[in-house]
$ cat target-v8.csv   # CSV, N, CA and C atoms
chain,number,residue,atom,x,y,z
A,1,MET,N,-21.4,12.1,-65.9
A,1,MET,CA,-21.7,13.4,-66.5
A,1,MET,C,-22.9,14.1,-65.9
A,2,SER,N,-22.7,15.3,-65.5
A,2,SER,CA,-23.8,16.0,-64.9
A,2,SER,C,-24.6,16.7,-65.9
A,3,GLY,N,-25.8,17.1,-65.6
A,3,GLY,CA,-26.7,17.7,-66.6
A,3,GLY,C,-28.1,17.9,-66.1
A,4,GLU,N,-29.0,18.2,-67.0
A,4,GLU,CA,-30.4,18.5,-66.7
A,4,GLU,C,-31.2,17.4,-67.4
A,5,PRO,N,-32.2,16.9,-66.7
A,5,PRO,CA,-33.1,15.8,-67.3
A,5,PRO,C,-33.8,16.3,-68.5
A,6,VAL,N,-34.0,15.5,-69.5
A,6,VAL,CA,-34.8,15.8,-70.7
A,6,VAL,C,-35.9,14.7,-70.7
A,7,SER,N,-36.8,14.8,-71.6
A,7,SER,CA,-38.0,13.9,-71.6
A,7,SER,C,-37.6,12.4,-71.9
A,8,SER,N,-36.5,12.1,-72.5
A,8,SER,CA,-36.2,10.7,-72.8
A,8,SER,C,-35.6,10.1,-71.6
A,9,GLY,N,-35.4,10.8,-70.4
A,9,GLY,CA,-34.8,10.2,-69.3
A,9,GLY,C,-33.3,10.4,-69.2
A,10,ARG,N,-32.7,10.8,-70.4
A,10,ARG,CA,-31.2,11.1,-70.4
A,10,ARG,C,-31.0,12.5,-69.8
A,11,LEU,N,-29.7,12.8,-69.6
A,11,LEU,CA,-29.3,14.1,-69.1
A,11,LEU,C,-28.8,15.0,-70.2
A,12,ARG,N,-29.2,16.2,-70.2
A,12,ARG,CA,-28.7,17.2,-71.2
A,12,ARG,C,-27.4,17.6,-70.6
A,13,PRO,N,-26.3,17.7,-71.4
A,13,PRO,CA,-25.0,18.1,-70.9
A,13,PRO,C,-25.1,19.5,-70.3
A,14,THR,N,-24.3,19.8,-69.2
A,14,THR,CA,-24.3,21.0,-68.5
A,14,THR,C,-24.0,22.2,-69.5
A,15,TRP,N,-23.0,22.0,-70.4
A,15,TRP,CA,-22.7,23.1,-71.3
A,15,TRP,C,-23.8,23.5,-72.2
A,16,LEU,N,-24.6,22.4,-72.6
A,16,LEU,CA,-25.8,22.7,-73.5
A,16,LEU,C,-26.9,23.4,-72.7
A,17,THR,N,-27.0,23.1,-71.5
A,17,THR,CA,-28.0,23.8,-70.6
A,17,THR,C,-27.6,25.2,-70.5
A,18,ALA,N,-26.3,25.5,-70.3
A,18,ALA,CA,-25.8,26.9,-70.1
A,18,ALA,C,-26.0,27.7,-71.4
A,19,VAL,N,-25.8,27.0,-72.6
A,19,VAL,CA,-26.0,27.7,-73.9
A,19,VAL,C,-27.5,28.0,-74.0
A,20,LEU,N,-28.3,27.1,-73.7
A,20,LEU,CA,-29.8,27.3,-73.8
A,20,LEU,C,-30.3,28.4,-73.0
A,21,TRP,N,-29.8,28.5,-71.7
A,21,TRP,CA,-30.2,29.6,-70.8
A,21,TRP,C,-29.6,30.9,-71.3
A,22,ALA,N,-28.4,30.9,-71.8
A,22,ALA,CA,-27.8,32.2,-72.4
A,22,ALA,C,-28.6,32.7,-73.5
A,23,VAL,N,-29.1,31.8,-74.4
A,23,VAL,CA,-29.9,32.2,-75.6
A,23,VAL,C,-31.2,32.8,-75.1
A,24,GLN,N,-31.8,32.1,-74.1
A,24,GLN,CA,-33.1,32.5,-73.6
A,24,GLN,C,-33.0,33.9,-72.9
A,25,ILE,N,-32.0,34.1,-72.2
A,25,ILE,CA,-31.8,35.4,-71.5
A,25,ILE,C,-31.6,36.5,-72.5
A,26,LEU,N,-30.8,36.3,-73.5
A,26,LEU,CA,-30.6,37.3,-74.6
A,26,LEU,C,-31.9,37.6,-75.3
A,27,LEU,N,-32.6,36.5,-75.7
A,27,LEU,CA,-33.9,36.7,-76.4
A,27,LEU,C,-34.9,37.4,-75.5
A,28,ALA,N,-35.0,37.1,-74.2
A,28,ALA,CA,-35.9,37.8,-73.2
A,28,ALA,C,-35.5,39.3,-73.2
A,29,ALA,N,-34.3,39.6,-73.1
A,29,ALA,CA,-33.9,41.0,-73.0
A,29,ALA,C,-34.3,41.7,-74.3
A,30,PHE,N,-34.0,41.1,-75.5
A,30,PHE,CA,-34.4,41.7,-76.8
A,30,PHE,C,-35.9,41.9,-76.9
A,31,PHE,N,-36.7,40.9,-76.5
A,31,PHE,CA,-38.1,41.0,-76.6
A,31,PHE,C,-38.7,42.0,-75.6
A,32,LEU,N,-38.1,42.2,-74.5
A,32,LEU,CA,-38.5,43.2,-73.5
A,32,LEU,C,-38.2,44.6,-74.0
A,33,VAL,N,-36.9,44.8,-74.3
A,33,VAL,CA,-36.4,46.2,-74.5
A,33,VAL,C,-36.6,46.7,-75.9
A,34,VAL,N,-36.4,45.8,-76.9
A,34,VAL,CA,-36.5,46.2,-78.3
A,34,VAL,C,-37.9,46.0,-78.9
A,35,GLN,N,-38.6,45.0,-78.5
A,35,GLN,CA,-39.8,44.7,-79.1
A,35,GLN,C,-41.1,45.0,-78.3
A,36,GLY,N,-41.3,44.3,-77.2
A,36,GLY,CA,-42.5,44.4,-76.4
A,36,GLY,C,-42.8,45.8,-75.8
A,37,ILE,N,-41.9,46.3,-75.0
A,37,ILE,CA,-42.1,47.6,-74.3
A,37,ILE,C,-42.3,48.7,-75.3
A,38,PRO,N,-41.5,48.8,-76.4
A,38,PRO,CA,-41.8,49.9,-77.3
A,38,PRO,C,-43.1,49.9,-77.9
A,39,LYS,N,-43.6,48.7,-78.2
A,39,LYS,CA,-45.0,48.5,-78.7
A,39,LYS,C,-46.0,49.0,-77.7
A,40,LEU,N,-45.9,48.7,-76.5
A,40,LEU,CA,-46.8,49.1,-75.4
A,40,LEU,C,-46.7,50.6,-75.1
A,41,MET,N,-45.5,51.1,-75.3
A,41,MET,CA,-45.3,52.6,-75.0
A,41,MET,C,-45.7,53.4,-76.2
A,42,GLY,N,-46.0,52.8,-77.3
A,42,GLY,CA,-46.4,53.6,-78.5
A,42,GLY,C,-45.3,54.3,-79.3
A,43,SER,N,-44.2,53.6,-79.4
A,43,SER,CA,-43.1,54.2,-80.2
A,43,SER,C,-43.5,54.5,-81.6
A,44,ALA,N,-43.0,55.5,-82.2
A,44,ALA,CA,-43.4,56.0,-83.5
A,44,ALA,C,-43.2,54.8,-84.5
A,45,ASP,N,-42.1,54.1,-84.5
A,45,ASP,CA,-41.9,53.0,-85.4
A,45,ASP,C,-43.0,51.9,-85.3
A,46,ALA,N,-43.3,51.6,-84.0
A,46,ALA,CA,-44.3,50.5,-83.8
A,46,ALA,C,-45.7,51.0,-84.3
A,47,VAL,N,-46.0,52.2,-84.0
A,47,VAL,CA,-47.3,52.8,-84.4
A,47,VAL,C,-47.4,52.8,-86.0
A,48,ARG,N,-46.3,53.2,-86.6
A,48,ARG,CA,-46.3,53.2,-88.1
A,48,ARG,C,-46.4,51.8,-88.7
A,49,LEU,N,-45.7,50.8,-88.1
A,49,LEU,CA,-45.7,49.5,-88.6
A,49,LEU,C,-47.1,48.9,-88.5
A,50,PHE,N,-47.8,49.1,-87.4
A,50,PHE,CA,-49.1,48.5,-87.2
A,50,PHE,C,-50.2,49.3,-88.0
A,51,ALA,N,-49.9,50.6,-88.3
A,51,ALA,CA,-50.8,51.3,-89.2
A,51,ALA,C,-50.6,50.8,-90.6
A,52,ASP,N,-49.4,50.4,-91.0
A,52,ASP,CA,-49.1,49.9,-92.3
A,52,ASP,C,-49.7,48.5,-92.5
A,53,ILE,N,-49.8,47.7,-91.4
A,53,ILE,CA,-50.4,46.4,-91.4
A,53,ILE,C,-51.9,46.5,-91.7
A,54,GLY,N,-52.5,47.6,-91.1
A,54,GLY,CA,-53.9,47.9,-91.5
A,54,GLY,C,-54.9,47.2,-90.6
A,55,LEU,N,-54.5,46.5,-89.6
A,55,LEU,CA,-55.5,45.8,-88.7
A,55,LEU,C,-55.9,46.6,-87.5
A,56,GLY,N,-55.3,47.7,-87.3
A,56,GLY,CA,-55.6,48.6,-86.1
A,56,GLY,C,-54.5,48.5,-85.0
A,57,GLN,N,-54.5,49.5,-84.2
A,57,GLN,CA,-53.5,49.6,-83.1
A,57,GLN,C,-53.7,48.6,-82.0
A,58,TRP,N,-54.9,48.1,-81.9
A,58,TRP,CA,-55.2,47.1,-80.9
A,58,TRP,C,-54.2,45.9,-81.1
A,59,LEU,N,-53.9,45.6,-82.3
A,59,LEU,CA,-52.9,44.5,-82.6
A,59,LEU,C,-51.5,44.8,-82.0
A,60,ARG,N,-51.1,46.0,-82.0
A,60,ARG,CA,-49.9,46.4,-81.5
A,60,ARG,C,-49.8,46.1,-80.0
A,61,TYR,N,-50.9,46.4,-79.3
A,61,TYR,CA,-51.0,46.2,-77.8
A,61,TYR,C,-51.0,44.7,-77.6
A,62,VAL,N,-51.8,43.9,-78.3
A,62,VAL,CA,-51.8,42.5,-78.1
A,62,VAL,C,-50.4,41.9,-78.4
A,63,THR,N,-49.8,42.3,-79.4
A,63,THR,CA,-48.5,41.8,-79.8
A,63,THR,C,-47.5,42.2,-78.7
A,64,GLY,N,-47.5,43.4,-78.2
A,64,GLY,CA,-46.6,43.9,-77.1
A,64,GLY,C,-46.8,43.1,-75.9
A,65,VAL,N,-48.0,42.8,-75.5
A,65,VAL,CA,-48.3,42.0,-74.3
A,65,VAL,C,-47.8,40.6,-74.5
A,66,LEU,N,-48.0,40.0,-75.6
A,66,LEU,CA,-47.5,38.6,-75.9
A,66,LEU,C,-46.0,38.6,-75.8
A,67,GLU,N,-45.4,39.6,-76.4
A,67,GLU,CA,-43.9,39.6,-76.4
A,67,GLU,C,-43.3,39.8,-75.0
A,68,VAL,N,-43.9,40.7,-74.2
A,68,VAL,CA,-43.4,40.9,-72.8
A,68,VAL,C,-43.7,39.6,-72.0
A,69,ALA,N,-44.9,39.0,-72.1
A,69,ALA,CA,-45.2,37.8,-71.4
A,69,ALA,C,-44.3,36.7,-71.8
A,70,GLY,N,-44.0,36.6,-73.1
A,70,GLY,CA,-43.1,35.5,-73.6
A,70,GLY,C,-41.7,35.7,-73.1
A,71,ALA,N,-41.2,37.0,-73.0
A,71,ALA,CA,-39.9,37.3,-72.5
A,71,ALA,C,-39.7,36.9,-71.1
A,72,VAL,N,-40.7,37.2,-70.3
A,72,VAL,CA,-40.7,36.9,-68.9
A,72,VAL,C,-40.8,35.4,-68.7
A,73,GLY,N,-41.6,34.7,-69.5
A,73,GLY,CA,-41.7,33.3,-69.5
A,73,GLY,C,-40.4,32.6,-69.8
A,74,LEU,N,-39.7,33.1,-70.7
A,74,LEU,CA,-38.4,32.5,-71.1
A,74,LEU,C,-37.4,32.4,-69.9
A,75,LEU,N,-37.6,33.3,-68.9
A,75,LEU,CA,-36.7,33.3,-67.7
A,75,LEU,C,-37.2,32.5,-66.6
A,76,ILE,N,-38.4,31.8,-66.7
A,76,ILE,CA,-38.9,31.0,-65.7
A,76,ILE,C,-38.8,29.5,-66.1
A,77,PRO,N,-37.9,28.7,-65.4
A,77,PRO,CA,-37.6,27.4,-65.9
A,77,PRO,C,-38.9,26.6,-66.3
A,78,ARG,N,-39.9,26.6,-65.5
A,78,ARG,CA,-41.1,25.8,-65.7
A,78,ARG,C,-41.9,26.2,-66.9
A,79,LEU,N,-41.8,27.5,-67.3
A,79,LEU,CA,-42.6,28.1,-68.3
A,79,LEU,C,-41.8,28.4,-69.6
A,80,ALA,N,-40.5,28.2,-69.6
A,80,ALA,CA,-39.6,28.6,-70.7
A,80,ALA,C,-40.0,27.9,-72.0
A,81,GLY,N,-40.4,26.6,-72.0
A,81,GLY,CA,-40.7,25.9,-73.2
A,81,GLY,C,-42.1,26.4,-73.8
A,82,LEU,N,-43.0,26.6,-72.9
A,82,LEU,CA,-44.3,27.1,-73.3
A,82,LEU,C,-44.2,28.6,-73.8
A,83,ALA,N,-43.4,29.4,-73.2
A,83,ALA,CA,-43.1,30.8,-73.7
A,83,ALA,C,-42.5,30.7,-75.1
A,84,ALA,N,-41.6,29.8,-75.3
A,84,ALA,CA,-40.9,29.7,-76.6
A,84,ALA,C,-42.0,29.3,-77.7
A,85,LEU,N,-42.9,28.4,-77.3
A,85,LEU,CA,-44.0,28.1,-78.3
A,85,LEU,C,-44.9,29.3,-78.5
A,86,GLY,N,-45.2,30.1,-77.5
A,86,GLY,CA,-46.0,31.3,-77.7
A,86,GLY,C,-45.3,32.3,-78.6
A,87,LEU,N,-44.0,32.5,-78.4
A,87,LEU,CA,-43.3,33.4,-79.2
A,87,LEU,C,-43.1,32.9,-80.6
A,88,LEU,N,-43.0,31.6,-80.8
A,88,LEU,CA,-43.0,31.0,-82.1
A,88,LEU,C,-44.3,31.4,-82.8
A,89,GLY,N,-45.4,31.3,-82.2
A,89,GLY,CA,-46.7,31.7,-82.8
A,89,GLY,C,-46.7,33.2,-83.1
A,90,VAL,N,-46.1,34.1,-82.3
A,90,VAL,CA,-46.0,35.5,-82.6
A,90,VAL,C,-45.2,35.7,-83.8
A,91,MET,N,-44.1,34.9,-84.0
A,91,MET,CA,-43.2,35.1,-85.1
A,91,MET,C,-43.9,34.6,-86.4
A,92,VAL,N,-44.7,33.6,-86.3
A,92,VAL,CA,-45.5,33.1,-87.5
A,92,VAL,C,-46.4,34.2,-87.9
A,93,GLY,N,-47.1,34.9,-87.0
A,93,GLY,CA,-48.0,36.0,-87.3
A,93,GLY,C,-47.2,37.2,-87.9
A,94,ALA,N,-46.0,37.4,-87.3
A,94,ALA,CA,-45.2,38.6,-87.8
A,94,ALA,C,-44.7,38.3,-89.2
A,95,THR,N,-44.4,37.0,-89.5
A,95,THR,CA,-43.9,36.7,-90.8
A,95,THR,C,-45.0,36.9,-91.8
A,96,VAL,N,-46.2,36.4,-91.5
A,96,VAL,CA,-47.4,36.6,-92.4
A,96,VAL,C,-47.6,38.1,-92.6
A,97,ALA,N,-47.6,38.9,-91.6
A,97,ALA,CA,-47.8,40.3,-91.7
A,97,ALA,C,-46.8,40.9,-92.6
A,98,ASN,N,-45.5,40.6,-92.3
A,98,ASN,CA,-44.4,41.2,-93.1
A,98,ASN,C,-44.5,40.8,-94.6
A,99,LEU,N,-44.9,39.6,-94.9
A,99,LEU,CA,-44.9,39.1,-96.3
A,99,LEU,C,-46.2,39.6,-97.0
A,100,PHE,N,-47.3,39.6,-96.3
A,100,PHE,CA,-48.6,39.8,-97.1
A,100,PHE,C,-49.4,41.0,-96.7
A,101,LEU,N,-49.2,41.6,-95.5
A,101,LEU,CA,-50.1,42.7,-95.1
A,101,LEU,C,-49.4,44.1,-95.1
A,102,ALA,N,-48.1,44.1,-94.9
A,102,ALA,CA,-47.4,45.4,-94.8
A,102,ALA,C,-46.4,45.6,-95.9
A,103,ALA,N,-46.8,46.3,-97.0
A,103,ALA,CA,-45.9,46.5,-98.1
A,103,ALA,C,-44.7,47.2,-97.7
A,104,GLY,N,-43.5,46.7,-98.2
A,104,GLY,CA,-42.2,47.3,-97.8
A,104,GLY,C,-41.5,46.7,-96.6
A,105,TYR,N,-42.2,45.7,-96.0
A,105,TYR,CA,-41.6,45.1,-94.8
A,105,TYR,C,-41.2,43.6,-95.1
A,106,GLU,N,-41.2,43.2,-96.3
A,106,GLU,CA,-40.9,41.8,-96.7
A,106,GLU,C,-39.5,41.4,-96.2
A,107,ALA,N,-38.5,42.3,-96.2
A,107,ALA,CA,-37.2,41.9,-95.8
A,107,ALA,C,-37.2,41.5,-94.3
A,108,PHE,N,-38.1,42.0,-93.5
A,108,PHE,CA,-38.1,41.7,-92.1
A,108,PHE,C,-38.5,40.2,-91.8
A,109,ALA,N,-39.1,39.6,-92.8
A,109,ALA,CA,-39.5,38.2,-92.7
A,109,ALA,C,-38.3,37.3,-92.4
A,110,VAL,N,-37.2,37.7,-92.9
A,110,VAL,CA,-36.0,36.9,-92.7
A,110,VAL,C,-35.7,36.8,-91.2
A,111,GLN,N,-35.8,38.0,-90.5
A,111,GLN,CA,-35.6,38.0,-89.1
A,111,GLN,C,-36.6,37.2,-88.3
A,112,THR,N,-37.9,37.4,-88.7
A,112,THR,CA,-39.0,36.7,-87.9
A,112,THR,C,-38.9,35.2,-88.2
A,113,VAL,N,-38.5,34.7,-89.4
A,113,VAL,CA,-38.3,33.3,-89.6
A,113,VAL,C,-37.2,32.8,-88.8
A,114,ALA,N,-36.1,33.5,-88.7
A,114,ALA,CA,-34.9,33.1,-88.0
A,114,ALA,C,-35.2,33.0,-86.5
A,115,LEU,N,-35.9,34.0,-86.0
A,115,LEU,CA,-36.3,33.9,-84.6
A,115,LEU,C,-37.3,32.8,-84.3
A,116,GLY,N,-38.2,32.5,-85.3
A,116,GLY,CA,-39.1,31.4,-85.1
A,116,GLY,C,-38.4,30.1,-85.0
A,117,VAL,N,-37.4,29.9,-85.9
A,117,VAL,CA,-36.6,28.7,-85.8
A,117,VAL,C,-35.9,28.5,-84.4
A,118,ILE,N,-35.4,29.6,-83.9
A,118,ILE,CA,-34.7,29.6,-82.6
A,118,ILE,C,-35.7,29.2,-81.5
A,119,PHE,N,-36.9,29.8,-81.6
A,119,PHE,CA,-38.0,29.5,-80.6
A,119,PHE,C,-38.4,28.1,-80.7
A,120,ALA,N,-38.5,27.5,-81.9
A,120,ALA,CA,-38.9,26.1,-82.1
A,120,ALA,C,-37.8,25.2,-81.5
A,121,LEU,N,-36.5,25.6,-81.6
A,121,LEU,CA,-35.5,24.8,-81.0
A,121,LEU,C,-35.5,24.8,-79.5
A,122,ILE,N,-35.8,26.0,-79.0
A,122,ILE,CA,-35.9,26.1,-77.5
A,122,ILE,C,-37.1,25.3,-77.0
A,123,ALA,N,-38.2,25.4,-77.7
A,123,ALA,CA,-39.4,24.6,-77.3
A,123,ALA,C,-39.1,23.1,-77.4
A,124,TRP,N,-38.4,22.7,-78.4
A,124,TRP,CA,-38.0,21.3,-78.5
A,124,TRP,C,-37.1,20.9,-77.4
A,125,ALA,N,-36.1,21.7,-77.0
A,125,ALA,CA,-35.2,21.4,-76.0
A,125,ALA,C,-35.9,21.4,-74.6
A,126,ARG,N,-37.0,22.2,-74.5
A,126,ARG,CA,-37.7,22.3,-73.2
A,126,ARG,C,-39.0,21.4,-73.3
A,127,ARG,N,-39.0,20.4,-74.2
A,127,ARG,CA,-40.3,19.7,-74.4
A,127,ARG,C,-40.7,18.9,-73.1
A,128,SER,N,-39.7,18.6,-72.2
A,128,SER,CA,-40.1,17.9,-71.0
A,128,SER,C,-40.9,18.8,-70.1
A,129,GLU,N,-40.5,20.1,-70.0
A,129,GLU,CA,-41.2,21.1,-69.2
A,129,GLU,C,-42.6,21.3,-69.8
A,130,ILE,N,-42.7,21.4,-71.1
A,130,ILE,CA,-44.0,21.6,-71.8
A,130,ILE,C,-44.9,20.4,-71.5
A,131,GLY,N,-44.4,19.2,-71.6
A,131,GLY,CA,-45.1,18.0,-71.3
A,131,GLY,C,-45.6,18.0,-69.8
A,132,ALA,N,-44.8,18.4,-68.9
A,132,ALA,CA,-45.2,18.4,-67.5
A,132,ALA,C,-46.3,19.4,-67.3
A,133,LEU,N,-46.3,20.6,-68.0
A,133,LEU,CA,-47.4,21.5,-67.8
A,133,LEU,C,-48.7,21.0,-68.5
A,134,VAL,N,-48.6,20.4,-69.6
A,134,VAL,CA,-49.7,19.9,-70.3
A,134,VAL,C,-50.3,18.7,-69.5
A,135,GLY,N,-49.5,17.9,-68.9
A,135,GLY,CA,-49.9,16.8,-68.2
A,135,GLY,C,-50.7,17.1,-66.9
A,136,ARG,N,-50.6,18.3,-66.4
A,136,ARG,CA,-51.3,18.7,-65.2
A,136,ARG,C,-52.8,18.8,-65.3

$ encode --input "target-v8.csv" --output "structure tokens"
Amino acid sequence: MSGEPVSSGRLRPTWLTAVLWAVQILLAAFFLVVQGIPKLMGSADAVRLFADIGLGQWLRYVTGVLEVAGAVGLLIPRLAGLAALGLLGVMVGATVANLFLAAGYEAFAVQTVALGVIFALIAWARRSEIGALVGR
């Protein structure tokens, strides 16, 4: 059976590797086009959301940079696991903001939690790459 090495020394099946990459590519496109770039370009929705959060527009820029960097990282094999961990952190922050800081945005926490779970799964699947980066 062909596949990709994982941290336990076993091979990940080729079909699973293909699914993992497909999910990463879709998430990267989503976080570039729908999330990160609009925040950096100052879309009206993003400006309103961060005004409602109440911590200042600087947080919109930081979040946009983190989302764009994470999206690019998801596309680089060596960085994909670390990018997923970073985006998981962004989703934790977004969930907290949706639930506790921005009235009327509570329903969006479902999306941020779901994305956080997906990023956690990607990070777990890419744990050997994360370990190799940390080990340097």

$ residues_around --input "target-v8.csv" --residues "segment 90-106 of chain A" --least-positions-apart "6" --cutoff "7 Å" --atoms "only C-alpha atoms" --output "list in words"
Asp52, Ile53, Thr112, Val113 and Gly116 of chain A

$ closest_residue --input "target-v8.csv" --among "A:Asp45, A:Phe31, A:Gly89, A:Pro38" --to "Val68 of chain A" --atoms "only N, CA and C atoms"
A:Phe31

$ atom_distance --input "target-v8.csv" --atom1 "atom C of Ala46 of chain A" --atom2 "atom N of Trp58 of chain A"
9.9 Å

$ closest_residue --input "target-v8.csv" --among "A:Leu79, A:Ala71, A:Leu49, A:Val117" --to "Ile130 of chain A" --atoms "only N, CA and C atoms"
A:Leu79

$ atom_distance --input "target-v8.csv" --atom1 "atom CA of Lys39 of chain A" --atom2 "atom CA of Val65 of chain A"
8.5 Å

$ residues_around --input "target-v8.csv" --residues "Ala83 of chain A" --least-positions-apart "6" --cutoff "8 Å" --atoms "all atoms listed in the file" --output "list of chain:residue names"
A:Ala69, A:Gly70, A:Ala71, A:Val72, A:Gly73, A:Leu74, A:Leu75, A:Gly89, A:Phe119, A:Ile122, A:Ala123, A:Ile130

$ axis_aligned_box --input "target-v8.csv" --around "segment 26-43 of chain A" --padding-each-side "8 Å" --output "lines of an AutoDock Vina configuration file"
center_x = -38.7
center_y = 45.4
center_z = -77.3
size_x = 32.2
size_y = 34.2
size_z = 24.6

$ residues_near_point --input "target-v8.csv" --point "(-36.8, 26.5, -81.3)" --cutoff "10 Å" --atoms "only C-alpha atoms" --output "tab-separated table (two decimals) with N, CA and C atoms, in the coordinates of the input"
chain	number	residue	atom	x	y	z
A	81	GLY	N	-40.40	26.60	-72.00
A	81	GLY	CA	-40.70	25.90	-73.20
A	81	GLY	C	-42.10	26.40	-73.80
A	84	ALA	N	-41.60	29.80	-75.30
A	84	ALA	CA	-40.90	29.70	-76.60
A	84	ALA	C	-42.00	29.30	-77.70
A	85	LEU	N	-42.90	28.40	-77.30
A	85	LEU	CA	-44.00	28.10	-78.30
A	85	LEU	C	-44.90	29.30	-78.50
A	87	LEU	N	-44.00	32.50	-78.40
A	87	LEU	CA	-43.30	33.40	-79.20
A	87	LEU	C	-43.10	32.90	-80.60
A	88	LEU	N	-43.00	31.60	-80.80
A	88	LEU	CA	-43.00	31.00	-82.10
A	88	LEU	C	-44.30	31.40	-82.80
A	114	ALA	N	-36.10	33.50	-88.70
A	114	ALA	CA	-34.90	33.10	-88.00
A	114	ALA	C	-35.20	33.00	-86.50
A	115	LEU	N	-35.90	34.00	-86.00
A	115	LEU	CA	-36.30	33.90	-84.60
A	115	LEU	C	-37.30	32.80	-84.30
A	116	GLY	N	-38.20	32.50	-85.30
A	116	GLY	CA	-39.10	31.40	-85.10
A	116	GLY	C	-38.40	30.10	-85.00
A	117	VAL	N	-37.40	29.90	-85.90
A	117	VAL	CA	-36.60	28.70	-85.80
A	117	VAL	C	-35.90	28.50	-84.40
A	118	ILE	N	-35.40	29.60	-83.90
A	118	ILE	CA	-34.70	29.60	-82.60
A	118	ILE	C	-35.70	29.20	-81.50
A	119	PHE	N	-36.90	29.80	-81.60
A	119	PHE	CA	-38.00	29.50	-80.60
A	119	PHE	C	-38.40	28.10	-80.70
A	120	ALA	N	-38.50	27.50	-81.90
A	120	ALA	CA	-38.90	26.10	-82.10
A	120	ALA	C	-37.80	25.20	-81.50
A	121	LEU	N	-36.50	25.60	-81.60
A	121	LEU	CA	-35.50	24.80	-81.00
A	121	LEU	C	-35.50	24.80	-79.50
A	122	ILE	N	-35.80	26.00	-79.00
A	122	ILE	CA	-35.90	26.10	-77.50
A	122	ILE	C	-37.10	25.30	-77.00
A	123	ALA	N	-38.20	25.40	-77.70
A	123	ALA	CA	-39.40	24.60	-77.30
A	123	ALA	C	-39.10	23.10	-77.40
A	124	TRP	N	-38.40	22.70	-78.40
A	124	TRP	CA	-38.00	21.30	-78.50
A	124	TRP	C	-37.10	20.90	-77.40
A	125	ALA	N	-36.10	21.70	-77.00
A	125	ALA	CA	-35.20	21.40	-76.00
A	125	ALA	C	-35.90	21.40	-74.60
A	126	ARG	N	-37.00	22.20	-74.50
A	126	ARG	CA	-37.70	22.30	-73.20
A	126	ARG	C	-39.00	21.40	-73.30

$ atom_distance --input "target-v8.csv" --atom1 "atom N of Leu82 of chain A" --atom2 "atom N of Arg127 of chain A"
7.5 Å

$ residues_near_point --input "target-v8.csv" --point "(-55.1, 49.7, -79.6)" --cutoff "8 Å" --atoms "only C-alpha atoms" --output "list in words"
Gly56, Gln57, Trp58, Leu59, Arg60 and Tyr61 of chain A

$ write_last_selection --input "target-v8.csv" --atoms "N, CA and C atoms" --output "mmCIF file, in the coordinates of the input"
data_model
loop_
_atom_site.group_PDB
_atom_site.id
_atom_site.type_symbol
_atom_site.label_atom_id
_atom_site.label_comp_id
_atom_site.auth_asym_id
_atom_site.auth_seq_id
_atom_site.Cartn_x
_atom_site.Cartn_y
_atom_site.Cartn_z
ATOM 1 N N GLY A 56 -55.300 47.700 -87.300
ATOM 2 C CA GLY A 56 -55.600 48.600 -86.100
ATOM 3 C C GLY A 56 -54.500 48.500 -85.000
ATOM 4 N N GLN A 57 -54.500 49.500 -84.200
ATOM 5 C CA GLN A 57 -53.500 49.600 -83.100
ATOM 6 C C GLN A 57 -53.700 48.600 -82.000
ATOM 7 N N TRP A 58 -54.900 48.100 -81.900
ATOM 8 C CA TRP A 58 -55.200 47.100 -80.900
ATOM 9 C C TRP A 58 -54.200 45.900 -81.100
ATOM 10 N N LEU A 59 -53.900 45.600 -82.300
ATOM 11 C CA LEU A 59 -52.900 44.500 -82.600
ATOM 12 C C LEU A 59 -51.500 44.800 -82.000
ATOM 13 N N ARG A 60 -51.100 46.000 -82.000
ATOM 14 C CA ARG A 60 -49.900 46.400 -81.500
ATOM 15 C C ARG A 60 -49.800 46.100 -80.000
ATOM 16 N N TYR A 61 -50.900 46.400 -79.300
ATOM 17 C CA TYR A 61 -51.000 46.200 -77.800
ATOM 18 C C TYR A 61 -51.000 44.700 -77.600
#

$ select_by_dssp --input "target-v8.csv" --residues "chain A" --states "strand (DSSP E or B)" --output "PyMOL selection string"
chain A and resi 3-5+11-13
